[in-house]
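Colleague: Below is the file data-v9.cif, with mmCIF, C-alpha atoms.
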```cif
data_target
#
loop_
_atom_site.group_PDB
_atom_site.id
_atom_site.type_symbol
_atom_site.label_atom_id
_atom_site.label_comp_id
_atom_site.auth_asym_id
_atom_site.auth_seq_id
_atom_site.Cartn_x
_atom_site.Cartn_y
_atom_site.Cartn_z
ATOM 1 C CA MET A 103 105.452 116.590 143.000
ATOM 2 C CA ARG A 104 107.428 119.691 142.140
ATOM 3 C CA ILE A 105 110.174 120.175 139.583
ATOM 4 C CA GLY A 106 111.663 123.453 140.694
ATOM 5 C CA ASP A 107 108.711 125.824 140.732
ATOM 6 C CA VAL A 108 106.560 123.593 138.478
ATOM 7 C CA THR A 109 103.874 121.587 140.272
ATOM 8 C CA LEU A 110 102.711 118.280 138.785
ATOM 9 C CA SER A 111 99.278 116.901 139.594
ATOM 10 C CA GLY A 112 98.338 113.241 139.756
ATOM 11 C CA TYR A 113 100.893 110.470 139.847
ATOM 12 C CA ALA A 114 102.045 109.778 136.301
ATOM 13 C CA ALA A 115 103.459 111.505 133.233
ATOM 14 C CA LEU A 116 103.410 110.596 129.568
ATOM 15 C CA ALA A 117 106.880 109.653 128.364
ATOM 16 C CA PRO A 118 108.540 111.245 125.338
ATOM 17 C CA MET A 119 108.190 108.718 122.533
ATOM 18 C CA ALA A 120 109.470 109.639 119.091
ATOM 19 C CA GLY A 121 106.864 109.296 116.377
ATOM 20 C CA VAL A 122 104.119 108.555 118.900
ATOM 21 C CA ALA A 123 103.841 111.132 121.689
ATOM 22 C CA ASP A 124 102.896 113.973 119.382
ATOM 23 C CA ARG A 125 100.685 116.923 120.226
ATOM 24 C CA ALA A 126 97.435 115.042 119.565
ATOM 25 C CA PHE A 127 98.379 112.111 121.804
ATOM 26 C CA ARG A 128 99.784 114.355 124.532
ATOM 27 C CA GLU A 129 96.576 116.370 124.663
ATOM 28 C CA LEU A 130 94.524 113.194 124.898
ATOM 29 C CA CYS A 131 96.620 111.714 127.700
ATOM 30 C CA MET A 132 96.514 114.948 129.678
ATOM 31 C CA GLU A 133 92.727 114.984 129.291
ATOM 32 C CA PHE A 134 92.573 111.453 130.699
ATOM 33 C CA GLY A 135 94.645 112.237 133.773
ATOM 34 C CA ALA A 136 98.353 112.512 132.960
ATOM 35 C CA GLY A 137 99.833 115.170 135.210
ATOM 36 C CA TYR A 138 102.734 116.054 132.953
ATOM 37 C CA CYS A 139 104.023 115.256 129.482
ATOM 38 C CA VAL A 140 107.220 115.553 127.490
ATOM 39 C CA SER A 141 107.576 116.330 123.789
ATOM 40 C CA GLU A 142 109.072 114.044 121.218
ATOM 41 C CA MET A 143 112.830 114.487 121.279
ATOM 42 C CA VAL A 144 114.181 117.411 119.284
ATOM 43 C CA SER A 145 117.610 117.448 117.665
ATOM 44 C CA SER A 146 119.781 120.287 118.947
ATOM 45 C CA LYS A 147 121.686 120.206 115.654
ATOM 46 C CA GLY A 148 118.399 120.355 113.789
ATOM 47 C CA ILE A 149 117.611 123.579 115.626
ATOM 48 C CA ALA A 150 121.112 124.893 114.906
ATOM 49 C CA TYR A 151 120.530 124.206 111.200
ATOM 50 C CA ASN A 152 117.114 125.928 111.278
ATOM 51 C CA SER A 153 115.191 122.723 110.672
ATOM 52 C CA LYS A 154 111.487 123.548 110.419
ATOM 53 C CA LYS A 155 110.599 119.956 111.309
ATOM 54 C CA SER A 156 112.656 120.119 114.504
ATOM 55 C CA ALA A 157 111.090 123.420 115.510
ATOM 56 C CA GLU A 158 107.572 122.087 114.903
ATOM 57 C CA LEU A 159 108.198 119.337 117.463
ATOM 58 C CA MET A 160 108.481 122.046 120.137
ATOM 59 C CA VAL A 161 104.957 123.397 119.645
ATOM 60 C CA ILE A 162 102.918 123.040 122.844
ATOM 61 C CA SER A 163 99.213 123.764 123.224
ATOM 62 C CA ASP A 164 97.461 125.008 126.348
ATOM 63 C CA ASN A 165 95.761 121.609 126.634
ATOM 64 C CA GLU A 166 98.996 119.751 127.384
ATOM 65 C CA ARG A 167 100.552 121.744 130.184
ATOM 66 C CA PRO A 168 102.693 121.354 132.157
ATOM 67 C CA CYS A 169 104.877 120.093 129.337
ATOM 68 C CA ALA A 170 108.610 119.753 128.783
ATOM 69 C CA VAL A 171 110.482 120.089 125.517
ATOM 70 C CA GLN A 172 113.057 117.319 125.258
ATOM 71 C CA ILE A 173 116.294 117.941 123.387
ATOM 72 C CA PHE A 174 119.124 115.620 122.402
ATOM 73 C CA GLY A 175 122.684 116.055 121.208
ATOM 74 C CA THR A 176 126.306 115.779 122.248
ATOM 75 C CA GLU A 177 127.637 119.347 122.290
ATOM 76 C CA PRO A 178 127.022 121.437 125.428
ATOM 77 C CA ASP A 179 126.894 124.783 123.610
ATOM 78 C CA THR A 180 124.582 123.499 120.874
ATOM 79 C CA MET A 181 122.303 121.949 123.477
ATOM 80 C CA ALA A 182 122.225 125.237 125.387
ATOM 81 C CA ASP A 183 121.306 127.134 122.230
ATOM 82 C CA ALA A 184 118.519 124.645 121.477
ATOM 83 C CA ALA A 185 117.171 125.065 125.000
ATOM 84 C CA LYS A 186 117.125 128.845 124.590
ATOM 85 C CA PHE A 187 115.357 128.457 121.242
ATOM 86 C CA ALA A 188 112.739 126.235 122.897
ATOM 87 C CA LEU A 189 111.766 129.036 125.278
ATOM 88 C CA ARG A 190 109.785 130.747 122.495
ATOM 89 C CA TYR A 191 107.287 127.862 122.792
ATOM 90 C CA LYS A 192 106.969 128.455 126.543
ATOM 91 C CA PRO A 193 107.619 124.951 127.916
ATOM 92 C CA GLU A 194 107.514 124.570 131.677
ATOM 93 C CA VAL A 195 110.638 122.375 131.651
ATOM 94 C CA ILE A 196 113.601 121.520 129.420
ATOM 95 C CA ASP A 197 114.342 117.785 129.445
ATOM 96 C CA ILE A 198 117.632 116.333 128.218
ATOM 97 C CA ASN A 199 117.584 112.925 126.539
ATOM 98 C CA MET A 200 120.319 110.629 127.819
ATOM 99 C CA GLY A 201 118.292 107.452 127.441
ATOM 100 C CA CYS A 202 117.179 106.884 123.853
ATOM 101 C CA PRO A 203 118.429 103.443 122.711
ATOM 102 C CA ALA A 204 117.650 103.828 118.996
ATOM 103 C CA PRO A 205 120.670 103.074 116.786
ATOM 104 C CA LYS A 206 120.211 106.319 114.850
ATOM 105 C CA ILE A 207 120.466 108.324 118.092
ATOM 106 C CA ALA A 208 122.815 106.317 120.305
ATOM 107 C CA GLY A 209 124.952 105.433 117.301
ATOM 108 C CA SER A 210 125.802 109.103 116.843
ATOM 109 C CA GLY A 211 126.809 109.472 120.491
ATOM 110 C CA SER A 212 123.542 111.010 121.674
ATOM 111 C CA GLY A 213 120.785 109.535 123.831
ATOM 112 C CA ALA A 214 121.845 106.584 125.965
ATOM 113 C CA ALA A 215 125.366 106.682 124.499
ATOM 114 C CA LEU A 216 126.031 109.799 126.582
ATOM 115 C CA MET A 217 126.055 107.618 129.690
ATOM 116 C CA ARG A 218 129.411 106.257 128.565
ATOM 117 C CA ASP A 219 130.824 109.719 129.323
ATOM 118 C CA PRO A 220 129.483 110.952 132.688
ATOM 119 C CA ASP A 221 131.676 114.051 132.557
ATOM 120 C CA LEU A 222 130.082 115.092 129.255
ATOM 121 C CA CYS A 223 126.637 114.473 130.779
ATOM 122 C CA GLY A 224 127.524 116.941 133.506
ATOM 123 C CA ARG A 225 128.829 119.562 131.089
ATOM 124 C CA ILE A 226 125.701 119.363 128.954
ATOM 125 C CA VAL A 227 123.411 119.797 131.959
ATOM 126 C CA HIS A 228 125.507 122.666 133.278
ATOM 127 C CA ALA A 229 125.408 124.479 129.925
ATOM 128 C CA VAL A 230 121.663 124.027 129.506
ATOM 129 C CA SER A 231 120.760 124.946 133.082
ATOM 130 C CA GLN A 232 122.845 128.108 132.817
ATOM 131 C CA ALA A 233 121.196 129.031 129.509
ATOM 132 C CA VAL A 234 117.531 128.962 130.594
ATOM 133 C CA ASP A 235 115.537 130.211 133.559
ATOM 134 C CA ILE A 236 113.166 127.231 133.741
ATOM 135 C CA PRO A 237 113.820 123.824 135.337
ATOM 136 C CA VAL A 238 116.110 121.389 133.541
ATOM 137 C CA THR A 239 115.621 117.638 133.913
ATOM 138 C CA VAL A 240 117.355 114.558 132.531
ATOM 139 C CA LYS A 241 116.117 111.165 131.348
ATOM 140 C CA ILE A 242 118.604 108.301 131.685
ATOM 141 C CA ARG A 243 118.745 104.504 131.616
ATOM 142 C CA SER A 244 120.395 102.008 133.956
ATOM 143 C CA GLY A 245 123.533 102.327 131.883
ATOM 144 C CA PHE A 246 124.819 101.609 128.415
ATOM 145 C CA ASP A 247 125.074 97.835 128.885
ATOM 146 C CA GLU A 248 125.110 95.267 131.681
ATOM 147 C CA ASP A 249 128.836 95.827 132.253
ATOM 148 C CA HIS A 250 128.359 99.550 132.742
ATOM 149 C CA ILE A 251 125.411 100.091 135.111
ATOM 150 C CA ASN A 252 126.171 103.678 136.115
ATOM 151 C CA ALA A 253 122.804 105.359 136.555
ATOM 152 C CA VAL A 254 123.628 106.403 140.117
ATOM 153 C CA GLU A 255 126.916 107.978 139.059
ATOM 154 C CA VAL A 256 125.376 109.853 136.144
ATOM 155 C CA ALA A 257 122.371 110.951 138.200
ATOM 156 C CA LYS A 258 124.590 112.408 140.930
ATOM 157 C CA ILE A 259 126.656 114.273 138.337
ATOM 158 C CA VAL A 260 123.647 115.801 136.596
ATOM 159 C CA GLU A 261 122.143 116.799 139.944
ATOM 160 C CA LYS A 262 125.413 118.524 140.861
ATOM 161 C CA ASN A 263 125.324 120.393 137.550
ATOM 162 C CA GLY A 264 121.819 121.778 137.869
ATOM 163 C CA ALA A 265 119.260 119.104 137.008
ATOM 164 C CA LEU A 266 116.121 119.490 139.123
ATOM 165 C CA ALA A 267 114.726 115.994 138.482
ATOM 166 C CA VAL A 268 115.893 112.741 136.911
ATOM 167 C CA THR A 269 113.798 110.119 135.137
ATOM 168 C CA VAL A 270 115.267 106.614 135.207
ATOM 169 C CA HIS A 271 114.259 103.883 132.762
ATOM 170 C CA GLY A 272 115.347 100.697 134.478
ATOM 171 C CA ARG A 273 116.970 99.053 131.470
ATOM 172 C CA THR A 274 120.293 99.491 129.708
ATOM 173 C CA ARG A 275 120.627 100.839 126.196
ATOM 174 C CA LYS A 276 121.527 97.358 125.008
ATOM 175 C CA GLN A 277 118.324 95.895 126.486
ATOM 176 C CA PHE A 278 116.039 98.355 124.649
ATOM 177 C CA TYR A 279 112.593 97.368 126.060
ATOM 178 C CA ALA A 280 113.215 93.824 127.318
ATOM 179 C CA PRO A 281 113.770 91.973 129.672
ATOM 180 C CA PRO A 282 111.648 93.217 132.609
ATOM 181 C CA VAL A 283 112.667 96.543 134.111
ATOM 182 C CA ASN A 284 115.269 96.640 136.898
ATOM 183 C CA TYR A 285 113.492 98.351 139.783
ATOM 184 C CA ASP A 286 116.580 98.160 142.000
ATOM 185 C CA ILE A 287 118.517 100.669 139.917
ATOM 186 C CA ILE A 288 115.649 103.163 140.147
ATOM 187 C CA ARG A 289 115.552 102.664 143.920
ATOM 188 C CA ASN A 290 119.309 103.163 144.159
ATOM 189 C CA VAL A 291 119.117 106.424 142.212
ATOM 190 C CA LYS A 292 116.311 107.625 144.479
ATOM 191 C CA LYS A 293 118.391 106.889 147.558
ATOM 192 C CA ALA A 294 121.382 108.746 146.131
ATOM 193 C CA LEU A 295 119.674 112.016 145.127
ATOM 194 C CA THR A 296 117.958 114.900 146.888
ATOM 195 C CA ILE A 297 116.040 116.004 143.762
ATOM 196 C CA PRO A 298 112.897 114.150 142.604
ATOM 197 C CA VAL A 299 113.273 110.857 140.778
ATOM 198 C CA ILE A 300 110.718 109.661 138.230
ATOM 199 C CA GLY A 301 110.472 105.905 137.681
ATOM 200 C CA ASN A 302 109.982 104.609 134.138
ATOM 201 C CA GLY A 303 109.527 101.161 132.645
ATOM 202 C CA ASP A 304 106.805 98.484 132.488
ATOM 203 C CA VAL A 305 104.054 100.638 133.991
ATOM 204 C CA ASN A 306 100.803 99.855 132.177
ATOM 205 C CA SER A 307 98.211 99.667 134.963
ATOM 206 C CA ALA A 308 97.354 100.898 138.446
ATOM 207 C CA LYS A 309 98.905 97.807 140.026
ATOM 208 C CA SER A 310 102.190 98.131 138.144
ATOM 209 C CA ALA A 311 102.266 101.826 139.073
ATOM 210 C CA GLU A 312 101.788 100.894 142.723
ATOM 211 C CA HIS A 313 104.682 98.441 142.502
ATOM 212 C CA MET A 314 106.930 101.061 140.917
ATOM 213 C CA LEU A 315 106.211 103.588 143.658
ATOM 214 C CA SER A 316 106.289 101.211 146.617
ATOM 215 C CA TYR A 317 109.402 99.284 145.573
ATOM 216 C CA THR A 318 111.571 102.139 144.340
ATOM 217 C CA GLY A 319 110.337 104.990 146.526
ATOM 218 C CA CYS A 320 110.368 107.212 143.433
ATOM 219 C CA ASP A 321 108.501 110.518 143.525
ATOM 220 C CA TYR A 322 106.502 110.164 140.310
ATOM 221 C CA ILE A 323 105.898 107.710 137.484
ATOM 222 C CA MET A 324 106.416 107.968 133.750
ATOM 223 C CA VAL A 325 104.302 105.818 131.434
ATOM 224 C CA GLY A 326 105.479 105.129 127.904
ATOM 225 C CA ARG A 327 104.412 102.099 125.897
ATOM 226 C CA GLY A 328 101.750 101.297 128.504
ATOM 227 C CA ALA A 329 99.783 104.328 127.302
ATOM 228 C CA LEU A 330 99.782 103.376 123.622
ATOM 229 C CA GLY A 331 96.191 102.778 122.626
ATOM 230 C CA ASN A 332 95.424 103.174 126.315
ATOM 231 C CA PRO A 333 95.249 106.837 127.401
ATOM 232 C CA TRP A 334 92.848 105.711 130.131
ATOM 233 C CA VAL A 335 95.783 104.300 132.113
ATOM 234 C CA PHE A 336 96.431 107.689 133.703
ATOM 235 C CA GLY A 337 92.925 107.966 135.087
ATOM 236 C CA GLU A 338 93.139 104.370 136.271
ATOM 237 C CA ILE A 339 96.327 105.155 138.183
ATOM 238 C CA ASN A 340 94.878 108.326 139.704
ATOM 239 C CA GLU A 341 91.671 106.606 140.825
ATOM 240 C CA TYR A 342 93.605 103.774 142.416
ATOM 241 C CA PHE A 343 95.910 106.020 144.416
ATOM 242 C CA ASP A 344 93.216 108.555 145.321
ATOM 243 C CA LYS A 345 90.330 106.207 146.093
ATOM 244 C CA GLY A 346 91.764 102.705 146.224
ATOM 245 C CA ILE A 347 89.548 101.441 143.426
ATOM 246 C CA ILE A 348 90.208 99.741 140.119
ATOM 247 C CA VAL A 349 88.040 101.418 137.503
ATOM 248 C CA GLU A 350 86.157 99.449 134.910
ATOM 249 C CA PRO A 351 87.936 99.265 131.539
ATOM 250 C CA PRO A 352 86.490 101.390 128.751
ATOM 251 C CA THR A 353 83.665 99.911 126.710
ATOM 252 C CA LEU A 354 83.960 99.089 123.040
ATOM 253 C CA ASP A 355 82.070 102.252 122.141
ATOM 254 C CA GLU A 356 84.326 104.347 124.385
ATOM 255 C CA LYS A 357 87.459 102.883 122.811
ATOM 256 C CA CYS A 358 86.192 103.506 119.310
ATOM 257 C CA GLY A 359 85.090 107.028 120.173
ATOM 258 C CA VAL A 360 88.471 107.967 121.631
ATOM 259 C CA LEU A 361 90.320 106.352 118.727
ATOM 260 C CA LEU A 362 88.338 108.473 116.281
ATOM 261 C CA ARG A 363 88.848 111.648 118.320
ATOM 262 C CA HIS A 364 92.577 110.921 118.617
ATOM 263 C CA ILE A 365 93.032 110.563 114.885
ATOM 264 C CA GLU A 366 90.813 113.542 114.109
ATOM 265 C CA LYS A 367 93.144 115.631 116.280
ATOM 266 C CA ALA A 368 96.190 114.290 114.450
ATOM 267 C CA VAL A 369 94.642 115.084 111.068
ATOM 268 C CA ALA A 370 93.694 118.575 112.223
ATOM 269 C CA TYR A 371 97.292 119.269 113.275
ATOM 270 C CA LYS A 372 99.177 117.501 110.477
ATOM 271 C CA GLY A 373 96.790 117.225 107.546
ATOM 272 C CA GLU A 374 95.038 114.093 106.362
ATOM 273 C CA TYR A 375 97.944 112.592 104.418
ATOM 274 C CA VAL A 376 100.459 112.652 107.296
ATOM 275 C CA GLY A 377 97.864 112.237 110.022
ATOM 276 C CA MET A 378 96.359 109.118 108.500
ATOM 277 C CA HIS A 379 99.716 107.585 107.730
ATOM 278 C CA GLU A 380 100.660 107.950 111.410
ATOM 279 C CA ALA A 381 97.164 106.844 112.442
ATOM 280 C CA ARG A 382 97.883 103.324 111.261
ATOM 281 C CA LYS A 383 100.254 102.475 114.121
ATOM 282 C CA HIS A 384 98.078 104.223 116.712
ATOM 283 C CA THR A 385 95.030 102.299 115.518
ATOM 284 C CA ALA A 386 96.943 99.034 115.805
ATOM 285 C CA TYR A 387 97.599 99.805 119.474
ATOM 286 C CA TYR A 388 93.925 100.523 120.134
ATOM 287 C CA LEU A 389 92.998 97.195 118.531
ATOM 288 C CA LYS A 390 94.851 95.167 121.166
ATOM 289 C CA GLY A 391 92.429 92.813 122.852
ATOM 290 C CA PHE A 392 89.749 93.024 120.184
ATOM 291 C CA LYS A 393 88.395 89.936 118.454
ATOM 292 C CA ASN A 394 89.718 89.470 114.907
ATOM 293 C CA ALA A 395 92.552 91.885 115.748
ATOM 294 C CA ALA A 396 94.858 90.544 113.027
ATOM 295 C CA LYS A 397 92.260 91.135 110.333
ATOM 296 C CA LEU A 398 91.459 94.577 111.715
ATOM 297 C CA ARG A 399 95.141 95.553 111.827
ATOM 298 C CA ASN A 400 95.495 94.646 108.164
ATOM 299 C CA LEU A 401 92.623 96.985 107.391
ATOM 300 C CA ALA A 402 94.148 99.677 109.590
ATOM 301 C CA PHE A 403 97.443 99.635 107.738
ATOM 302 C CA SER A 404 95.694 100.402 104.465
ATOM 303 C CA MET A 405 93.835 103.480 105.746
ATOM 304 C CA LYS A 406 94.311 106.737 103.840
ATOM 305 C CA THR A 407 91.405 108.932 104.946
ATOM 306 C CA LEU A 408 89.268 109.625 107.982
ATOM 307 C CA ASP A 409 86.403 107.936 106.163
ATOM 308 C CA ASP A 410 88.552 104.792 105.998
ATOM 309 C CA LEU A 411 88.928 104.981 109.774
ATOM 310 C CA ARG A 412 85.187 105.407 110.247
ATOM 311 C CA GLU A 413 84.604 102.322 108.090
ATOM 312 C CA LEU A 414 87.150 100.408 110.165
ATOM 313 C CA ILE A 415 85.368 101.421 113.360
ATOM 314 C CA ASP A 416 82.109 100.068 111.915
ATOM 315 C CA GLU A 417 83.944 96.823 111.158
ATOM 316 C CA ILE A 418 85.362 96.712 114.716
ATOM 317 C CA LYS A 419 81.874 97.005 116.159
ATOM 318 C CA THR A 420 80.545 94.346 113.797
ATOM 319 C CA CYS A 421 83.334 91.903 114.690
ATOM 320 C CA ASN A 422 83.131 92.493 118.434
#
```
Now that the file is in, can you turn its structure into structure tokens?
Modeller:
Amino acid sequence: MRIGDVTLSGYAALAPMAGVADRAFRELCMEFGAGYCVSEMVSSKGIAYNSKKSAELMVISDNERPCAVQIFGTEPDTMADAAKFALRYKPEVIDINMGCPAPKIAGSGSGAALMRDPDLCGRIVHAVSQAVDIPVTVKIRSGFDEDHINAVEVAKIVEKNGALAVTVHGRTRKQFYAPPVNYDIIRNVKKALTIPVIGNGDVNSAKSAEHMLSYTGCDYIMVGRGALGNPWVFGEINEYFDKGIIVEPPTLDEKCGVLLRHIEKAVAYKGEYVGMHEARKHTAYYLKGFKNAAKLRNLAFSMKTLDDLRELIDEIKTCN
């Protein structure tokens, strides 16, 4: 698939997930077959106020390209300035968040709350697309709530204003991540647009990826929570579409080896204190399906050092 002049390999991208899809995890998922990834969302106001933390979220390594920097906010000019600032990190794409359901984001009018004002969505996309010379994309939801399912309307407006692809998460802001995704709304957006549409929601395996593509007709897939503790999902999807086979799941040793490498990357980029604090939730995801998972999770949430993680991995192997 192409987004403007950017070519994506494979069939699936890693979704932008705040506090999870950091540089270490993006690199790992790209290594395992993701064809594209998107940064954690960056506050346009944070950039305007010279926030070092916001700027650090835009850092992209050569091992995670093609990669988009995702920005959020409510003011067209501020969003345009943030997009121009992002260019110093050389992203292939600028993505605009119009889908985050978190109260802290939507409650301030950003994220999925923008879908309540389609005209503002259009003005933001127009400002950003005029400000940068790389492709601009948008991530939306079905709508704000079940009484306002307007993904098709918003998607057509952002396409008219310069968006070169739209990702649709088939739930409303009010639904967060349940009930099951609405594939019909993704299909309707695909039918309404001439630009590529990326389907998002409930993809966690090759079979669910096949259903997303076949039912909606979307051009590409975005995997979010289905990749947590499971970076292998991208290779599984690629093998299924390329060769028609379901690959064997990773062995216990493979899981433990990738978990350790993942957290070592995080510690290298963020330092041991921050890296290990964030490692606790990642480790909990990797533990899904293991015997004695509850006990192991309790141990994981007390980790402070890489040596603690290595001891936990020894315990995992002993218990399983």
Colleague: List the residues selected by the PyMOL selection byres ((chain A and resi 188-192) around 9) in the file shown, writing them as a PyMOL selection string.
Modeller: chain A and resi 157+160-162+171+183-187+193-196+234+236
Colleague: Quick one: apply the PyMOL selection byres ((chain A and resi 277) around 10) to the file and drop the selected residues here as a list in words.
Modeller: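 Applying the PyMOL selection byres ((chain A and resi 277) around 10) to the structure shown produces Pro203, Ser244, Gly245, Phe246, Asp247, Glu248, Gly272, Arg273, Thr274, Arg275, Lys276, Phe278, Tyr279, Ala280, Pro281, Pro282 and Val283 of chain A.
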Colleague: Hey, can you pull every residue with an atom no more than 9 Å from (123.4, 125.6, 122.3), using only C-alpha atoms, and send it as a PyMOL selection string?
Modeller: chain A and resi 146-147+150+177-187+229-230+233
Colleague: Name the closest residue to A:Met324 among the candidates A:Cys202, A:Val376, A:Ala253, A:Val270; distances are taken between atoms, counting only C-alpha atoms.
Modeller: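 Closest to A:Met324 of all the choices is A:Val270.
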Colleague: Could you please determine the separation between atom CA of A:Asn165 and atom CA of A:Glu356 in Å, to one decimal place?
Modeller: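 That distance, rounded to one decimal, is 20.8 Å.
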Colleague: From the set A:Ala395, A:Ala204, A:Ala136, A:Ala215, which residue has the shortest atom-to-atom contact distance to A:Gly175, counting all atoms listed in the file?
Modeller: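 Among the listed residues, the smallest separation from A:Gly175 belongs to A:Ala215.
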Colleague: Which residues match the PyMOL selection byres ((chain A and resi 239) around 6) in the file above, as a list of chain:residue names?
Modeller: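 Applying the expression gives A:Asp197, A:Val238, A:Val240, A:Ala265, A:Leu266, A:Ala267, A:Val268.
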Colleague: Check the smallest atom-to-atom distance from each of A:Arg243, A:Lys357, A:Lys154, A:Lys309 to A:Asn332 using all atoms listed in the file, then report the winner.
Modeller: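 Between A:Arg243, A:Lys357, A:Lys154, A:Lys309, the residue approaching A:Asn332 most closely is A:Lys357.
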Colleague: Go through A:Lys345, A:His271, A:Lys262, A:Arg363 and flag the residue nearest A:Ala294, using only C-alpha atoms for the distances.
Modeller: A:Lys262
Colleague: Take atom CA of A:Arg382 and atom CA of A:Leu408 and report the distance between them in Å, one decimal.
Modeller: 11.2 Å
Colleague: In terms of the shortest atom-to-atom distance over only C-alpha atoms, which of A:Val254, A:Val140, A:Leu315, A:Leu222 is closest to A:Arg128?
Modeller: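 Of the candidates, the smallest distance to A:Arg128 is held by A:Val140.
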Colleague: Which is closer to A:Leu330 than all the others in A:Asp219, A:Asp107, A:Glu413, A:Asp124, using all atoms listed in the file?
Modeller: A:Asp124
Colleague: Tell me, in Å to one decimal, how far atom CA of A:Val260 is from atom CA of A:Asp221.
Modeller: 9.2 Å
Colleague: Find the residues around A:Gly373 up to 12 Å (all atoms listed in the file counted), leave out those fewer than 6 positions away in its own chain, and share them as a VMD selection string.
Modeller: chain A and resid 365 to 367 379 to 381 406 to 408
Colleague: Counting only C-alpha atoms, find the residues whose atoms lie at most 8 Å from (98.4, 110.9, 134.5) (file coordinates) and write them out as a list in words.
Modeller: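 The requested residues, written out, are Ser111, Gly112, Tyr113, Ala114, Ala115, Leu116, Cys131, Met132, Phe134, Gly135, Ala136, Gly137, Tyr138, Val335, Phe336, Gly337, Ile339 and Asn340 of chain A.
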Colleague: Can stretch 140-156 of chain A be brought up to N, CA and C atoms and written out as a PDB file, in the frame of the given file?
Modeller:
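File produced: result-v4.pdb:
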```pdb
ATOM      1  N   VAL A 140     105.947 115.138 128.070  1.00  0.00           N
ATOM      2  CA  VAL A 140     107.220 115.553 127.490  1.00  0.00           C
ATOM      3  C   VAL A 140     107.128 115.387 125.976  1.00  0.00           C
ATOM      4  N   SER A 141     107.648 116.362 125.246  1.00  0.00           N
ATOM      5  CA  SER A 141     107.576 116.330 123.789  1.00  0.00           C
ATOM      6  C   SER A 141     108.401 115.188 123.206  1.00  0.00           C
ATOM      7  N   GLU A 142     108.152 114.909 121.948  1.00  0.00           N
ATOM      8  CA  GLU A 142     109.072 114.044 121.218  1.00  0.00           C
ATOM      9  C   GLU A 142     110.453 114.706 121.241  1.00  0.00           C
ATOM     10  N   MET A 143     111.497 113.902 121.174  1.00  0.00           N
ATOM     11  CA  MET A 143     112.830 114.487 121.279  1.00  0.00           C
ATOM     12  C   MET A 143     113.163 115.332 120.049  1.00  0.00           C
ATOM     13  N   VAL A 144     113.852 116.434 120.322  1.00  0.00           N
ATOM     14  CA  VAL A 144     114.181 117.411 119.284  1.00  0.00           C
ATOM     15  C   VAL A 144     115.704 117.478 119.142  1.00  0.00           C
ATOM     16  N   SER A 145     116.173 117.399 117.924  1.00  0.00           N
ATOM     17  CA  SER A 145     117.610 117.448 117.665  1.00  0.00           C
ATOM     18  C   SER A 145     118.166 118.854 117.887  1.00  0.00           C
ATOM     19  N   SER A 146     119.162 118.975 118.737  1.00  0.00           N
ATOM     20  CA  SER A 146     119.781 120.287 118.947  1.00  0.00           C
ATOM     21  C   SER A 146     120.487 120.752 117.673  1.00  0.00           C
ATOM     22  N   LYS A 147     121.056 119.826 116.926  1.00  0.00           N
ATOM     23  CA  LYS A 147     121.686 120.206 115.654  1.00  0.00           C
ATOM     24  C   LYS A 147     120.638 120.620 114.637  1.00  0.00           C
ATOM     25  N   GLY A 148     119.478 119.963 114.676  1.00  0.00           N
ATOM     26  CA  GLY A 148     118.399 120.355 113.789  1.00  0.00           C
ATOM     27  C   GLY A 148     117.990 121.795 114.029  1.00  0.00           C
ATOM     28  N   ILE A 149     117.929 122.186 115.291  1.00  0.00           N
ATOM     29  CA  ILE A 149     117.611 123.579 115.626  1.00  0.00           C
ATOM     30  C   ILE A 149     118.725 124.499 115.153  1.00  0.00           C
ATOM     31  N   ALA A 150     119.972 124.075 115.338  1.00  0.00           N
ATOM     32  CA  ALA A 150     121.112 124.893 114.906  1.00  0.00           C
ATOM     33  C   ALA A 150     121.094 125.110 113.396  1.00  0.00           C
ATOM     34  N   TYR A 151     120.585 124.112 112.660  1.00  0.00           N
ATOM     35  CA  TYR A 151     120.530 124.206 111.200  1.00  0.00           C
ATOM     36  C   TYR A 151     119.186 124.744 110.698  1.00  0.00           C
ATOM     37  N   ASN A 152     118.400 125.306 111.622  1.00  0.00           N
ATOM     38  CA  ASN A 152     117.114 125.928 111.278  1.00  0.00           C
ATOM     39  C   ASN A 152     116.125 124.945 110.654  1.00  0.00           C
ATOM     40  N   SER A 153     116.116 123.732 111.171  1.00  0.00           N
ATOM     41  CA  SER A 153     115.191 122.723 110.672  1.00  0.00           C
ATOM     42  C   SER A 153     113.763 123.060 111.102  1.00  0.00           C
ATOM     43  N   LYS A 154     112.895 123.250 110.124  1.00  0.00           N
ATOM     44  CA  LYS A 154     111.487 123.548 110.419  1.00  0.00           C
ATOM     45  C   LYS A 154     110.835 122.366 111.128  1.00  0.00           C
ATOM     46  N   LYS A 155     111.182 121.157 110.707  1.00  0.00           N
ATOM     47  CA  LYS A 155     110.599 119.956 111.309  1.00  0.00           C
ATOM     48  C   LYS A 155     110.973 119.858 112.784  1.00  0.00           C
ATOM     49  N   SER A 156     112.229 120.163 113.107  1.00  0.00           N
ATOM     50  CA  SER A 156     112.656 120.119 114.504  1.00  0.00           C
ATOM     51  C   SER A 156     111.913 121.159 115.332  1.00  0.00           C
TER      52      SER A 156
END
```
